[in-house]
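K.L.:
Submitted below is the structure of interest, expressed as C-alpha cells.
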Amino acid sequence: MVKYIIKRLLLAVLILFSVSVIMYILVRNIDLNALWDIAGAGNLASGQDAEEKFQAVAEAYGYGDNSFLGIIKGYFSWLGNFLQGDMGTSITYKQPVEDVISKNMGISFTISLVSLILQLIIAIPLGIKCAVNQYGKLDYVATFLTMIGISFPTFFAASLAIRVFSVEFGWFPVSGIQSGNLISPTWWEEFKDKVWHMTLPIIVLVVLSIGSWSRYTRTNTLEVLNADYIRTARAKGLSERSVVYKHVFRNSLIPLVTVLAGTLPTLFGGAMITETMFSIPGIGKLAYDAMIDGDIPFIMGYNMFLAMLTVIGILLTDIMYAVVDPRVKLA
Amino acid sequence: MEENKDLISEELPEVDQVDAAVATESEDVHGENLSDRVRMLSPGQLVAKRFFRSKLSVIGLVTLVILFLFSFVGPLLPGFSEWVDGGAPVVDRNPENIKATVFLDALEYVQVTVDEEGNIVYGETIYAYNLMGTDNLVNKYGDMNSTHWLGTDETGRDIFTNLMLGGRVSLTIGFVVIFLEALIGVILGGIAGYFGGWVDNLIMRIVDILSCIPTIPIMLILSQMLESWNILDIRKLYFLMAILTLLGWTGIARMVRGQILSLREQEFMLAAKCSGLSTFRKIFKHLLPNVMPQLIVQMTMGLGSIILTEATLGFLGIGVPLGTPTWGAMINSVRNMYTLQYFPNFWIPPGICITLAILAFNFVGDGLRDAFDPKMKR
C-alpha cells in the first residue's frame, strides 16, 4: 500500500511537470492585455511609442523575449520559484498568487460544498427509490427529468434562472455576493445577505447535478440488488425495508464514496461558468478574468492548482477503493 | 458482457420463434422446413428490436432526425433561403420589413415603423436616448412576425435561420470530433491494451497528462493564443476541432484498452492464436468487433458532451469565428442585461436547441447501451 502510494506520487510529479510545461508554453503565446494596460496607463500615445513602452513593461515582468529560448528560460525561472512555493505576483490583482487563491477560495468552496451536500441528500434516496421500483412510474419520470437536468448547459440554466427568478419575480439578486445598500450591518444581516445571494447559484448547481448522481446511485443499486447476498437476505425472511435500507443501501454506497473523492477539483477549484454568470467573485471568476487579461502568473498558479487537485482526486479515488472495499487490493 | 454478440444470439428465444417452433413440429409431416417458419434474428436485428422497444430512445432518435433536417435542409427551404448566402447569414436591409421594430442603442429602445414613402416613423419611446445614424435602415432587434419567425438579432440577421446555421456548425463539429477521437482512441487504446509493456505505459501516461489538463481554462488560453496570432476566420473552427479531439480521445482510449485487456485473456483469443492468425487479423477481426458495442455507446454519449463543450466555448465567446452563428455564441447575448431582459427570443431558442440535441444523444446512447446489454431482460 505505502509502496503503491509512493509510486503514484512520483508519477503525479511527472504528470504535473508535463502539464506545467504545456501550460507555460501556451500561456506565453497569448496577448498580455494586463501588461498593455500597465503600459498604456498615463500615456495614450499610439503606434511605435506604445509598442516600445509595452516591450519595456514586458521586459520588466520577464515576458519580453518570446523566442523559444526565452520561453524555456522563463519556464525554468517560473519552475524554480514554484518549487520554492512562490507562484509569483498576479499582474491584475497585484498580490501574490497564492494569497489571491486562498482569499477567494472561501466563496467558491462554500457554494460547491453546500450544493454537493444538497445534491447527495436529494440524489441518493432518489436513485435508490428508482432502482427498487425499476421500470415503475417514478423511475420513468425521474429518469426523464434527471436526463433533462444532465443535458441543460450551465450557462443556459443560469440565464433562465436569472431571467425568471431575479428579473421577473425579483426574488433573488441578479448578481454579486453582497448588497451595496447595507450600512454597518450586523454579522447576522451580512450572513443573511450572503445566503440570499448564494441561493440561486446553488439551486442551479444542484438541479443540474442531481441527475448524474442519482443515475449513478441507481446503476449501483441495481447491481447490488442482483447480488447473491441480497437473495440470501430475502431468503432468510428479512422485511423488504431492512433488505433495502440495511443491505442494499450500504453496499451501493461503496462506488459513491470513491467517486466523491474525485470531486476534489470541483470543490476547491470553483465553478467557472456559474460564478461568471452570477458575477460571484469566487476563484473561478477570478481565473476567467485573469485568462482574458493574460495575467500569466495567476493563470499558471490557478491551472497548476487545478491540476494538483485533479491528480490528488484521482489518487484518493483509487485509495478509497481499497479503504472502503476490503476485497480490493492495491498493487 | 464483452462477447455481446455471442450472448445475444443465445438469448431467450423470442415469443414468435417459440410459437413457430411448436407449430413446425406438428406440421413437419407436410414437408416444410423449420427455416421457413422460424424468423431468424441476427444479433444486429435483436439489438435494433430492443432499441426500438424503448420509448425514450425512439424519442431521442426522432429528435435527432428532426434537428438534422432542421439544420441541413432548413436553410434551403424558400422563406429561409433568402436569409442565407453561401452558408453565412444575411443582414435584413429591406425597408418593407422594418415594421414595428425596436431599435436599441446601449440604453434606449424606440418603436419605429416605416410608412408608405419609406420614411421612418418614431413611435413610443421605452428608454429615451439618441438614435443611431445611418445604420437605421437595418432591421435590427426585429419583432417576431411571418417574415422573421423569431425576429432578428442585434445585427439584423434572421434568428430562425441563424438557429439552422448554428445547428450545422454544432452537429458538424460534434461528428467530426467524435470520429477523430474514436480513431485515435481505438488505435492508441488498442495498441496499449494488446501489446502492454512499455508501450502501454507510455500511452497511458500521455492519457494521464491530458486528462489532468483542465478543459475550459486550456480552451480559453488557446483561444486567446489564436487571437494574438490573428486567426479569426473559419480556420478557428478547425483549430477548435483539433483541440477538442486532442483533449478528448483519452476517454475512448481508456475504455478500449480496458476492454482489450480483458478480452485478450479469453478462450477465443487463445483459439485465434492457435490457428496462427496474424496480429492484424487478431486485432481487427476478433478484438475490435467485441469492443464495438461499448464504443458506439460511448461515441453517442460523447457527441452530447462535445456539443455541450462547443456551446460553452461559444457562450464564452471563444473558439467561434466572427460572423458565424453557433448556438453557444447566440446565447452569449445574455451577457448583455438588456438582451437578457427584453429579448428572450435571442437566447431561449438556441438554448432549447442545445438542450434538445444533448438530450437526444443521451437518450439514444442510453437506449443503445440497454439494447447491447445481454443481461437486460426487457
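In the C-alpha cells, each chain is lettered A, B, ... as it comes, each chain's residues begin at 1, and ligands are numbered from 1 in order of appearance.
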Just the alpha helix (DSSP H) stuff from region 64-216 of chain A, please, per backbone DSSP, written as a PyMOL selection string.
P.N.:
chain A and resi 68-83+97-132+137-151+154-161+187-216
K.L.:
Could you list, as number ranges by chain, every residue of chain A that has an atom within 8 Å of an atom of chain B, counting only C-alpha atoms?
P.N.:
A: 15-16, 18-19, 23, 26-27, 29-31, 147-148, 150-153, 155-156, 159, 163, 167, 277, 288, 291-292, 303, 306-307, 310-311
K.L.:
Could you write out that same residue set with N, CA and C atoms as a tab-separated table (two decimals), in the first residue's frame?
P.N.:
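Everything below was put into result01.tsv:
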```
chain	number	residue	atom	x	y	z
A	15	ILE	N	3.48	13.90	-14.01
A	15	ILE	CA	2.30	14.43	-14.70
A	15	ILE	C	2.22	15.94	-14.54
A	16	LEU	N	2.40	16.40	-13.29
A	16	LEU	CA	2.29	17.84	-13.03
A	16	LEU	C	3.37	18.60	-13.79
A	18	SER	N	4.73	17.75	-16.67
A	18	SER	CA	4.36	17.84	-18.08
A	18	SER	C	3.25	18.86	-18.29
A	19	VAL	N	2.25	18.83	-17.38
A	19	VAL	CA	1.15	19.78	-17.51
A	19	VAL	C	1.69	21.21	-17.45
A	23	MET	N	1.28	24.03	-20.32
A	23	MET	CA	0.58	25.26	-19.95
A	23	MET	C	1.46	26.49	-20.20
A	26	LEU	N	1.95	27.47	-23.81
A	26	LEU	CA	0.74	28.06	-24.39
A	26	LEU	C	0.51	29.47	-23.84
A	27	VAL	N	0.65	29.60	-22.52
A	27	VAL	CA	0.34	30.87	-21.88
A	27	VAL	C	1.25	31.98	-22.40
A	29	ASN	N	2.15	32.49	-25.23
A	29	ASN	CA	1.78	32.93	-26.57
A	29	ASN	C	0.50	33.74	-26.63
A	30	ILE	N	-0.09	34.05	-25.47
A	30	ILE	CA	-1.34	34.81	-25.55
A	30	ILE	C	-1.06	36.31	-25.44
A	31	ASP	N	-2.10	37.08	-25.78
A	31	ASP	CA	-1.99	38.54	-25.67
A	31	ASP	C	-1.93	38.94	-24.20
A	147	MET	N	-32.44	13.29	-16.85
A	147	MET	CA	-31.76	13.40	-18.14
A	147	MET	C	-31.82	14.84	-18.63
A	148	ILE	N	-32.98	15.49	-18.45
A	148	ILE	CA	-33.08	16.89	-18.85
A	148	ILE	C	-32.07	17.71	-18.05
A	150	ILE	N	-29.25	16.75	-16.77
A	150	ILE	CA	-27.89	16.49	-17.25
A	150	ILE	C	-27.64	17.25	-18.54
A	151	SER	N	-28.68	17.34	-19.40
A	151	SER	CA	-28.47	17.91	-20.73
A	151	SER	C	-28.47	19.44	-20.73
A	152	PHE	N	-28.96	20.05	-19.67
A	152	PHE	CA	-29.02	21.51	-19.65
A	152	PHE	C	-27.62	22.10	-19.57
A	153	PRO	N	-27.24	22.99	-20.49
A	153	PRO	CA	-25.96	23.67	-20.33
A	153	PRO	C	-26.05	24.63	-19.14
A	155	PHE	N	-24.74	27.51	-18.51
A	155	PHE	CA	-24.95	28.93	-18.76
A	155	PHE	C	-26.40	29.22	-19.17
A	156	PHE	N	-27.03	28.26	-19.86
A	156	PHE	CA	-28.42	28.47	-20.25
A	156	PHE	C	-29.33	28.39	-19.03
A	159	SER	N	-28.92	31.51	-17.06
A	159	SER	CA	-29.60	32.64	-17.68
A	159	SER	C	-31.10	32.58	-17.43
A	163	ARG	N	-33.26	35.24	-15.41
A	163	ARG	CA	-34.37	35.93	-16.09
A	163	ARG	C	-35.68	35.74	-15.34
A	167	VAL	N	-35.09	38.67	-12.47
A	167	VAL	CA	-35.61	39.82	-13.21
A	167	VAL	C	-37.14	39.86	-13.14
A	277	MET	N	-21.43	33.75	-14.58
A	277	MET	CA	-22.81	34.13	-14.88
A	277	MET	C	-23.40	35.00	-13.77
A	288	TYR	N	-11.16	33.26	-14.72
A	288	TYR	CA	-11.69	33.61	-16.04
A	288	TYR	C	-11.19	35.00	-16.44
A	291	MET	N	-7.57	35.03	-17.31
A	291	MET	CA	-7.24	34.46	-18.61
A	291	MET	C	-7.57	35.43	-19.73
A	292	ILE	N	-8.64	36.21	-19.56
A	292	ILE	CA	-8.97	37.21	-20.57
A	292	ILE	C	-7.90	38.31	-20.56
A	303	ASN	N	-4.07	27.12	-12.79
A	303	ASN	CA	-4.15	25.85	-13.50
A	303	ASN	C	-3.33	24.76	-12.83
A	306	LEU	N	-5.44	23.57	-10.03
A	306	LEU	CA	-6.47	22.65	-10.52
A	306	LEU	C	-5.87	21.28	-10.85
A	307	ALA	N	-4.72	21.30	-11.54
A	307	ALA	CA	-4.11	20.03	-11.94
A	307	ALA	C	-3.72	19.22	-10.71
A	310	THR	N	-6.74	17.68	-9.30
A	310	THR	CA	-7.18	16.55	-10.11
A	310	THR	C	-6.34	15.32	-9.80
A	311	VAL	N	-5.01	15.49	-9.78
A	311	VAL	CA	-4.12	14.36	-9.52
A	311	VAL	C	-4.42	13.76	-8.15
```
K.L.:
To one decimal in Å, tell me the separation between CA of Ser279 (chain A) and CA of Phe343 (chain B).
P.N.:
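Computing the Euclidean distance for CA of Ser279 (chain A) and CA of Phe343 (chain B) yields 20.9 Å.
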K.L.:
Can you pull out every residue within 8 Å of region 251-255 of chain A, counting only C-alpha atoms, but drop anything in the same chain fewer than 6 positions away, and send it as a compact mmCIF listing (two decimals) with N, CA and C atoms, in the first residue's frame?
P.N.:
```txt
# COMPACT_ATOMS: atom_id res chain seq x y z
N THR A 217 -26.21 6.35 -8.61
CA THR A 217 -26.73 5.57 -7.49
C THR A 217 -27.65 4.46 -7.98
N ASN A 220 -25.68 1.56 -9.46
CA ASN A 220 -25.02 0.78 -8.42
C ASN A 220 -26.00 -0.05 -7.64
N THR A 221 -27.14 0.57 -7.28
CA THR A 221 -28.14 -0.14 -6.50
C THR A 221 -28.67 -1.33 -7.28
N VAL A 224 -26.25 -4.09 -6.96
CA VAL A 224 -26.29 -4.71 -5.64
C VAL A 224 -27.55 -5.56 -5.50
N TYR A 321 -11.04 3.15 -2.89
CA TYR A 321 -11.50 1.81 -3.29
C TYR A 321 -11.03 0.78 -2.28
N VAL A 324 -12.57 1.46 1.39
CA VAL A 324 -13.99 1.17 1.58
C VAL A 324 -14.29 -0.31 1.36
N ASP A 325 -13.64 -0.90 0.37
CA ASP A 325 -13.95 -2.27 -0.01
C ASP A 325 -12.74 -3.16 0.27
```
K.L.:
Looking at A:Gly313, A:Phe82, A:Thr219, A:Ile296, which one is nearest to Thr263 (chain A), with distances taken over only C-alpha atoms?
P.N.:
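So, comparing all the options, the nearest one is A:Gly313.
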